[in-house]
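A quick write-up on the structure given underneath.
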Amino acid sequence: MALQTERREKTRTALLKHAKRLMLRHGYEATTTQMILEATGLSKGALYHHFTSKAEIAEAIYAETSQQAIATASRSAGKTRSHLDALRQSSLAWLDQIKQPVTARIMFELGPQALGWQRAKAIEDENSLAAMTASLEAAHAAGEIALPAPLVTARMLNALMAEAAFLHIEFGDSTRKEVERTLSSFLDALPRPK
């Protein structure tokens, strides 16, 4: 059973790896499932065992890229005494992840093109919004902030970071200091316990 599970995971990984390479090279529309099959040497049955469509493959690539960017950013925050400081550091580290050319193309071009903006945003929200909400709830529980509705604050912070990502991609590091100041101002303005 373990060997079969390992084989399935290997097949899925190969499909995603080659599909990602092809979609980045040729674009989502021009990449066909036949091209993916030829690149992997797998059968149609193997592909359809894992994915029902090319869009589902693109969704898996998008979700995996989003998760990796957030996980890497969270790890880079390291250990801090403050949940808010960790949120600030991981948010800025996420900007560094998102500006990587492959990550940026998947997150801002391939994903929205293949899935539509609503589905791409829903996936990103599942990842980033959940992480931000958890961080704000931890800061609230630790007495660093007094938030009656952490989800509302997380949604606002998520929107701020999405716009910061577009600025960072468009203008590069020239906006970094202003983004840092704006993020700090936002977090510093959160209500504190009385």
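In the structure tokens, each chain is lettered A, B, ... as it comes, each chain's residues begin at 1, and ligands are numbered from 1 in order of appearance.
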Could you list, as a list in words, every residue within 10 Å of segment 105-109 of chain A, counting only C-alpha atoms and ignoring same-chain residues fewer than 3 positions away?
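Everything that qualifies: Lys20, Met23, Leu24, Gly27, Tyr28, Ala58, Ile61, Tyr62, Ala63, Thr65, Ser66, Ile98, Lys99, Gln100, Pro101, Val102, Pro112, Gln113, Ala114, Trp117, Ala120, Lys121, Glu124, Ala165, Phe166 and Ile169 of chain A.
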I'd like the contact shell of segment 88-97 of chain A - 6 Å cut-off, only C-alpha atoms, skipping same-chain residues fewer than 6 positions apart - returned as a list in words.
Ala69, Ala73, Ser74, Ala77 and Ala165 of chain A
A:Ala55, A:Ala39, A:Leu157, A:Met1: which is nearest Thr133 of chain A, counting only C-alpha atoms?
A:Leu157
Counting only C-alpha atoms, which of A:Ala86, A:Ala159, A:Lys44, A:Ile70 gets nearest to Ser135 of chain A?
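Counting only C-alpha atoms, the residue closest to Ser135 of chain A is A:Ala86.
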